[in-house]
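Enquirer: Pasting in a structure now, in structure tokens, and then I'll have a few things to ask.
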Amino acid sequence: MYQPREQFHVQERTALELAGATLSIERIIGILRRQWPVIAGVVGAAVAICLVYLLTATPMYTANTRILMDTRQTQVLDKDNGTANALIDPGFVDSQVEIITSDDLIRSVVRRMNLTEDPEFNGSDPGLLPAIIGKVISLFGSDGPASKERIERGTVAAVENNLKVERLLSTYVLSASFRSRDADKAARIANEIADAYIVGALDAKYQSTKRASEWLQQRSAELREQATASDRAVQTFKSQNNIVGTSRGLMNEQQLTDVNTQLIQARAATAEAKARLDRIDGITDKDLSQPTVTDALNNPVITRLRAQYLDLSAQYADWSAKYGKTHQASVNLANRMEELRKSIADEVKRIGDAYRSDYEIAKSRETSLEQNLKNLVSQAGNTGQAQVKLRDLESAADTYRNLYNSFLEKQQQAMQNQSFPISESRIISTAVKPDRKSSPKTVLSLIGALFGGLCFGLGAAFAREMLSDVLRSSSEVEDEIGVKCLGVLPSIGTKPMGSPRIRALRSPDGAQLEASAQLSRYVIDHPFSRYAETMRNIKVSIDLARLSREVKIIGIVSSLPKEGKTTVSANFAHLTAFTGKRVLLIDGDLHTRSLTKELDPTAKSGLLEALKDPQSVGHHIRRSAETGLDFLPSFAVSRMVNSADIMASKAMADLLALLRNEYDYIVIDLAPVMPVTDAKAISHLMDAFVYVIEWGRTTRTALQESMSSSEGIQKKVVGAVLNGANPKMLKRIEGYKGSHYNAYYVEGA
């Protein structure tokens, strides 16, 4: 019975959802089996195109040279600039790639090697395909004969197209490869490009160094003038402000220091002189003959006088004791002692006057130095204001002088580098003549063609399957409409012209009719064919259904016309009748009456007459003498507009009830479901339906629409059958069944 798709449970398999379609492993394998000719055709076409390309393509040879970016070569002049361990910026290496492939460098190579005269690059020998393309383009207009400049630009572009420059991994090595039809030419041009790059780098370095030297020379002259002017301004300012420098600084500062030192010394001398004077003044009123005074003065004259005085004093004391103080000798000694005191007093006074004079002189000198110091301090204040501006002038002068010295040094270095023939690049691998072609690569091209063809073939195969809305396998039928697929009927075609096989149909009264029954009797003519075995499977399925309910009236339907339901009906009926069962085949398609045209084209009565008088149905039935099949044809002068009403009428119900008692199987070939409603109208009188689906033609949409349009048909469908399968493709689809699967079938039997 029909089951809605959501109620039809199948074994879960690993599947891939793609664009709304479920691709299980089984379905993928099935697609590959069905579409392998497409895949093989695409692969073959790809290989054929590849072979044509390999046979017609011009062999190309590639020569390779390698260039190293090495800044250590320039360290001969830059030993102390800290570049010994400096790394090259990766952007610098990438920039060199652009320099090598630049138009200017390639143009210099073209001119040096006169490549504008080479047919390979000037366009005079472009090859077959480019020549054809050029002719087609020339039809839409031309600029006339090519000028020398245009030819040179074209040659430069052609050389650039054949040149490939790349950085090797993360190294500082550039690989320059050049392709040409001639191996020697490829090596020469590759080496010439490398030499042009090295020479161009040296020339660029020379030109840049030359421009830098000229600029440095001009700038050095300007800085020299500015430094001289700054020094002159400093000297002028010093002279205007009386600023004189010495080894110990400015002269006024030195004078101030010296005067200050002298003032300190003068003050010390004044204090010392004052102390001596005060000491003299302090001992003047004392007894000058006392030892303390004499010792304090420490004067040799006073010391000598005091010694004399002491001697006279001792003698006076002795004589005074002997002779008395009034004695003339004692008086003379006393007088002499008084004279010595006066002499000492006079000496002390003289010393005091000397000390006073020294004090006055020291005090006067101190005053003079203080006045001088005040004047120098005043002058130093004025000089300090001038020094502020002087320091600015000196700073500017020093700056200009340092800049001048620095630029002068750089100018000397630039002049040395200008004539130093070393660049930052060197060739580490010279291009040599290649011994084998680089393109086309035969093996790689064939592998690519096989892989590409396989990919495109698989894509075409899956696209064809995904875009196709038809059914080709039993699993697809069961997944789509949820009913059991009873088998796949191969396409049986027709017999060749000139060898028809005529079978006889006899009426109950003994009349014998001839009919061309090639397709309708295929199961009888080929009993060991797959077609016949599939019909037996249909009968077995119906017989199994008869075990649980009465199944006698069986309708053969399809969604659309020309799906083979008429042939299926005839063969099923013949097969069942051949087993000895009482079988009646009814042509229930009142629109086309295809079954009648095939089995009994001369019939003049049939189903319609039997409906009028069910008891006379036997007069309209034809019987096959070989299989015993009874056939009730349909005859109408013109097409009827009320065929659905006739099929659903009470007369039809009475007729079928009468025939039910007479036959074991009643097979009715009904009209298609979608164009007309006859099958829907008679569905309540049917015990079962067999749904015929044309293999590779009936769309899923049509099948879904037809099955869902009648609930009566849905409930009574015992199974579906795929009809008209391509035998060759069927073998590919069922390849998983093994090579011996069809050993039991004899298609020609």
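Residue names in the structure tokens use chain letters A, B, ... in the order shown, residue numbers from 1 in each chain, and ligand numbers from 1 in the order shown.
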Excluding Leu544 in chain A and its own-chain neighbours fewer than 6 positions away, which residues fall within 12 Å of it when counting only C-alpha atoms? Please give them as an NGL selection string.
Expert: :A and (537-538 or 550-551 or 718-719)
Enquirer: Run DSSP on the backbone and give me the residues of range 586-749 of chain A it puts in strand (DSSP E), as a count of residues only.
Expert: 29
Enquirer: Report, in Å with one decimal, the straight-line distance from CA of Ile428 in chain A to CA of Pro440 in chain A.
Expert: 28.2 Å
Enquirer: Out of A:Ser147, A:Gly564, A:Ile198, A:Phe635, which residue has the shortest atom-to-atom distance to Leu105 in chain A when counting only C-alpha atoms?
Expert: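 Of A:Ser147, A:Gly564, A:Ile198, A:Phe635, the one nearest Leu105 in chain A, counting only C-alpha atoms, is A:Ile198.
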Enquirer: Could you tell me how far CA of Ile666 in chain A sits from CA of Leu685 in chain A, in Å to one decimal place?
Expert: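 These two atoms are separated by 11.6 Å.
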Enquirer: Counting only C-alpha atoms, what is within 6 Å of range 178-194 of chain A, bar same-chain residues fewer than 2 positions away, as a PyMOL selection string?
Expert: chain A and resi 60-63+162-163+196-197+431-434
Enquirer: What is the distance, in Å and to one decimal place, between CA of Glu339 in chain A and CA of Ala273 in chain A?
Expert: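 Answer for the CA of Glu339 in chain A to CA of Ala273 in chain A separation: 29.5 Å.
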Enquirer: Going by DSSP on the backbone, which residues of range 405-495 of chain A come out as alpha helix (DSSP H)? List them as a ChimeraX atom specification.
Expert: /A:405-418,442-467,474-481
Enquirer: Set the distance at 10 Å and use only C-alpha atoms: which residues neighbour Ala157 in chain A once local chain neighbours fewer than 6 positions away are removed? I'd like the list as a PDB file with N, CA and C atoms, in the first residue's frame.
Expert:
```
ATOM      1  N   ASP A 103      60.683  48.389 -16.945  1.00  0.00           N
ATOM      2  CA  ASP A 103      60.740  48.631 -18.381  1.00  0.00           C
ATOM      3  C   ASP A 103      62.090  49.196 -18.805  1.00  0.00           C
ATOM      4  N   ILE A 106      64.760  46.379 -18.923  1.00  0.00           N
ATOM      5  CA  ILE A 106      64.503  45.457 -20.050  1.00  0.00           C
ATOM      6  C   ILE A 106      64.751  46.168 -21.375  1.00  0.00           C
ATOM      7  N   ARG A 107      64.387  47.443 -21.455  1.00  0.00           N
ATOM      8  CA  ARG A 107      64.606  48.180 -22.702  1.00  0.00           C
ATOM      9  C   ARG A 107      66.097  48.292 -23.014  1.00  0.00           C
ATOM     10  N   PHE A 121      60.365  37.864 -30.522  1.00  0.00           N
ATOM     11  CA  PHE A 121      59.916  38.916 -29.611  1.00  0.00           C
ATOM     12  C   PHE A 121      59.259  40.101 -30.306  1.00  0.00           C
ATOM     13  N   ASN A 122      59.539  40.319 -31.599  1.00  0.00           N
ATOM     14  CA  ASN A 122      58.970  41.496 -32.257  1.00  0.00           C
ATOM     15  C   ASN A 122      57.588  41.250 -32.835  1.00  0.00           C
ATOM     16  N   ILE A 151      57.110  48.856 -31.912  1.00  0.00           N
ATOM     17  CA  ILE A 151      57.770  47.549 -31.977  1.00  0.00           C
ATOM     18  C   ILE A 151      58.642  47.345 -30.742  1.00  0.00           C
ATOM     19  N   LEU A 163      60.113  36.617 -18.656  1.00  0.00           N
ATOM     20  CA  LEU A 163      61.037  36.766 -17.522  1.00  0.00           C
ATOM     21  C   LEU A 163      60.271  36.558 -16.218  1.00  0.00           C
TER      22      LEU A 163
END
```
Enquirer: For range 506-600 of chain A against range 625-629 of chain A, with a cut-off of 7 Å and counting only C-alpha atoms, what is the closest atom pair and its distance in Å to one decimal for every residue that makes the cut, ordered by chain and number, as JSON lines?
Expert:
```
{"residue": "A:Arg506", "atom": "CA", "partner": "A:Ala625", "partner_atom": "CA", "distance": 6.6}
{"residue": "A:Ala573", "atom": "CA", "partner": "A:Leu629", "partner_atom": "CA", "distance": 7.0}
{"residue": "A:His574", "atom": "CA", "partner": "A:Leu629", "partner_atom": "CA", "distance": 6.1}
{"residue": "A:Ala577", "atom": "CA", "partner": "A:Leu629", "partner_atom": "CA", "distance": 5.3}
{"residue": "A:Phe578", "atom": "CA", "partner": "A:Thr627", "partner_atom": "CA", "distance": 4.8}
{"residue": "A:Val583", "atom": "CA", "partner": "A:Leu629", "partner_atom": "CA", "distance": 5.8}
{"residue": "A:Leu584", "atom": "CA", "partner": "A:Leu629", "partner_atom": "CA", "distance": 6.4}
```
Enquirer: Generate the output file for the selected residues, N, CA, C and O atoms, as a PDB file, in the first residue's frame.
Expert:
```
ATOM      1  N   ARG A 506      -8.840 -16.049 -30.450  1.00  0.00           N
ATOM      2  CA  ARG A 506     -10.105 -16.665 -30.864  1.00  0.00           C
ATOM      3  C   ARG A 506     -11.239 -16.139 -30.004  1.00  0.00           C
ATOM      4  O   ARG A 506     -11.098 -15.976 -28.803  1.00  0.00           O
ATOM      5  N   ALA A 573      -0.645 -10.020 -17.866  1.00  0.00           N
ATOM      6  CA  ALA A 573      -1.816 -10.884 -18.054  1.00  0.00           C
ATOM      7  C   ALA A 573      -1.434 -12.178 -18.762  1.00  0.00           C
ATOM      8  O   ALA A 573      -1.874 -13.277 -18.376  1.00  0.00           O
ATOM      9  N   HIS A 574      -0.616 -12.104 -19.813  1.00  0.00           N
ATOM     10  CA  HIS A 574      -0.173 -13.308 -20.514  1.00  0.00           C
ATOM     11  C   HIS A 574       0.606 -14.225 -19.583  1.00  0.00           C
ATOM     12  O   HIS A 574       0.412 -15.452 -19.588  1.00  0.00           O
ATOM     13  N   ALA A 577      -1.792 -15.837 -17.097  1.00  0.00           N
ATOM     14  CA  ALA A 577      -2.643 -16.832 -17.759  1.00  0.00           C
ATOM     15  C   ALA A 577      -1.853 -18.068 -18.158  1.00  0.00           C
ATOM     16  O   ALA A 577      -2.375 -19.198 -18.149  1.00  0.00           O
ATOM     17  N   PHE A 578      -0.568 -17.883 -18.491  1.00  0.00           N
ATOM     18  CA  PHE A 578       0.266 -18.995 -18.907  1.00  0.00           C
ATOM     19  C   PHE A 578       0.516 -19.982 -17.764  1.00  0.00           C
ATOM     20  O   PHE A 578       0.858 -21.127 -18.000  1.00  0.00           O
ATOM     21  N   VAL A 583      -7.547 -15.646 -16.307  1.00  0.00           N
ATOM     22  CA  VAL A 583      -7.157 -14.241 -16.305  1.00  0.00           C
ATOM     23  C   VAL A 583      -7.932 -13.519 -17.392  1.00  0.00           C
ATOM     24  O   VAL A 583      -8.035 -14.000 -18.525  1.00  0.00           O
ATOM     25  N   LEU A 584      -8.460 -12.337 -17.012  1.00  0.00           N
ATOM     26  CA  LEU A 584      -9.157 -11.475 -17.960  1.00  0.00           C
ATOM     27  C   LEU A 584      -8.407 -10.153 -18.033  1.00  0.00           C
ATOM     28  O   LEU A 584      -8.143  -9.520 -17.007  1.00  0.00           O
TER      29      LEU A 584
END
```
Enquirer: Using only C-alpha atoms, which residue out of A:Pro490, A:Gly555, A:Gly452, A:Pro672 lies closest to Val690 in chain A?
Expert: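 For Val690 in chain A, the nearest of the candidates is A:Gly555.
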Enquirer: What lies within 6 Å of Asp587 in chain A using only C-alpha atoms, ignoring chain neighbours under 2 positions off, as a PyMOL selection string?
Expert: chain A and resi 589+595+633-634+669
Enquirer: For Ala227 in chain A, work out the shell of residues within 12 Å, counting only C-alpha atoms and skipping chain neighbours fewer than 6 positions away, then give it as a ChimeraX atom specification.
Expert: /A:220-221,233-234,393-405
Enquirer: Kindly export the residues of the current selection with N, CA, C and O atoms, as a PDB file, in the first residue's frame.
Expert:
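File produced: part13.pdb:
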```
ATOM      1  N   SER A 220      78.494  72.677   1.858  1.00  0.00           N
ATOM      2  CA  SER A 220      79.697  72.930   2.659  1.00  0.00           C
ATOM      3  C   SER A 220      80.161  74.370   2.476  1.00  0.00           C
ATOM      4  O   SER A 220      80.587  75.034   3.445  1.00  0.00           O
ATOM      5  N   ALA A 221      80.097  74.869   1.234  1.00  0.00           N
ATOM      6  CA  ALA A 221      80.490  76.261   0.993  1.00  0.00           C
ATOM      7  C   ALA A 221      79.582  77.214   1.761  1.00  0.00           C
ATOM      8  O   ALA A 221      80.040  78.207   2.359  1.00  0.00           O
ATOM      9  N   ALA A 233      81.207  87.642  13.902  1.00  0.00           N
ATOM     10  CA  ALA A 233      80.248  88.321  14.771  1.00  0.00           C
ATOM     11  C   ALA A 233      80.645  88.191  16.231  1.00  0.00           C
ATOM     12  O   ALA A 233      80.483  89.127  17.031  1.00  0.00           O
ATOM     13  N   VAL A 234      81.209  87.055  16.625  1.00  0.00           N
ATOM     14  CA  VAL A 234      81.645  86.851  18.008  1.00  0.00           C
ATOM     15  C   VAL A 234      82.793  87.802  18.351  1.00  0.00           C
ATOM     16  O   VAL A 234      82.801  88.464  19.407  1.00  0.00           O
ATOM     17  N   LEU A 393      75.915  83.859  20.455  1.00  0.00           N
ATOM     18  CA  LEU A 393      76.714  83.986  19.239  1.00  0.00           C
ATOM     19  C   LEU A 393      77.748  82.872  19.143  1.00  0.00           C
ATOM     20  O   LEU A 393      77.979  82.304  18.064  1.00  0.00           O
ATOM     21  N   GLU A 394      78.379  82.551  20.276  1.00  0.00           N
ATOM     22  CA  GLU A 394      79.373  81.481  20.262  1.00  0.00           C
ATOM     23  C   GLU A 394      78.729  80.122  19.982  1.00  0.00           C
ATOM     24  O   GLU A 394      79.311  79.290  19.277  1.00  0.00           O
ATOM     25  N   SER A 395      77.511  79.911  20.544  1.00  0.00           N
ATOM     26  CA  SER A 395      76.811  78.645  20.275  1.00  0.00           C
ATOM     27  C   SER A 395      76.488  78.502  18.795  1.00  0.00           C
ATOM     28  O   SER A 395      76.676  77.440  18.198  1.00  0.00           O
ATOM     29  N   ALA A 396      75.976  79.594  18.199  1.00  0.00           N
ATOM     30  CA  ALA A 396      75.683  79.556  16.761  1.00  0.00           C
ATOM     31  C   ALA A 396      76.953  79.317  15.965  1.00  0.00           C
ATOM     32  O   ALA A 396      76.972  78.546  14.989  1.00  0.00           O
ATOM     33  N   ALA A 397      78.024  79.988  16.372  1.00  0.00           N
ATOM     34  CA  ALA A 397      79.281  79.809  15.653  1.00  0.00           C
ATOM     35  C   ALA A 397      79.780  78.377  15.770  1.00  0.00           C
ATOM     36  O   ALA A 397      80.244  77.780  14.779  1.00  0.00           O
ATOM     37  N   ASP A 398      79.682  77.779  16.985  1.00  0.00           N
ATOM     38  CA  ASP A 398      80.108  76.387  17.156  1.00  0.00           C
ATOM     39  C   ASP A 398      79.249  75.435  16.327  1.00  0.00           C
ATOM     40  O   ASP A 398      79.755  74.471  15.739  1.00  0.00           O
ATOM     41  N   THR A 399      77.931  75.703  16.294  1.00  0.00           N
ATOM     42  CA  THR A 399      77.032  74.838  15.514  1.00  0.00           C
ATOM     43  C   THR A 399      77.396  74.868  14.037  1.00  0.00           C
ATOM     44  O   THR A 399      77.504  73.824  13.376  1.00  0.00           O
ATOM     45  N   TYR A 400      77.553  76.061  13.504  1.00  0.00           N
ATOM     46  CA  TYR A 400      77.905  76.177  12.087  1.00  0.00           C
ATOM     47  C   TYR A 400      79.266  75.547  11.824  1.00  0.00           C
ATOM     48  O   TYR A 400      79.480  74.924  10.781  1.00  0.00           O
ATOM     49  N   ARG A 401      80.165  75.666  12.766  1.00  0.00           N
ATOM     50  CA  ARG A 401      81.484  75.089  12.571  1.00  0.00           C
ATOM     51  C   ARG A 401      81.415  73.563  12.577  1.00  0.00           C
ATOM     52  O   ARG A 401      82.033  72.898  11.744  1.00  0.00           O
ATOM     53  N   ASN A 402      80.633  73.004  13.512  1.00  0.00           N
ATOM     54  CA  ASN A 402      80.483  71.539  13.563  1.00  0.00           C
ATOM     55  C   ASN A 402      79.780  71.009  12.319  1.00  0.00           C
ATOM     56  O   ASN A 402      80.162  69.970  11.763  1.00  0.00           O
ATOM     57  N   LEU A 403      78.722  71.722  11.886  1.00  0.00           N
ATOM     58  CA  LEU A 403      78.029  71.302  10.665  1.00  0.00           C
ATOM     59  C   LEU A 403      78.972  71.356   9.468  1.00  0.00           C
ATOM     60  O   LEU A 403      78.967  70.461   8.612  1.00  0.00           O
ATOM     61  N   TYR A 404      79.741  72.405   9.420  1.00  0.00           N
ATOM     62  CA  TYR A 404      80.682  72.536   8.297  1.00  0.00           C
ATOM     63  C   TYR A 404      81.691  71.385   8.309  1.00  0.00           C
ATOM     64  O   TYR A 404      81.968  70.782   7.260  1.00  0.00           O
ATOM     65  N   ASN A 405      82.221  71.060   9.471  1.00  0.00           N
ATOM     66  CA  ASN A 405      83.180  69.959   9.562  1.00  0.00           C
ATOM     67  C   ASN A 405      82.534  68.623   9.195  1.00  0.00           C
ATOM     68  O   ASN A 405      83.136  67.790   8.512  1.00  0.00           O
TER      69      ASN A 405
END
```
Enquirer: Pick from A:Ala334, A:Leu376, A:Lys410, A:Ala201: nearest to Leu216 in chain A, with only C-alpha atoms counted?
Expert: A:Lys410
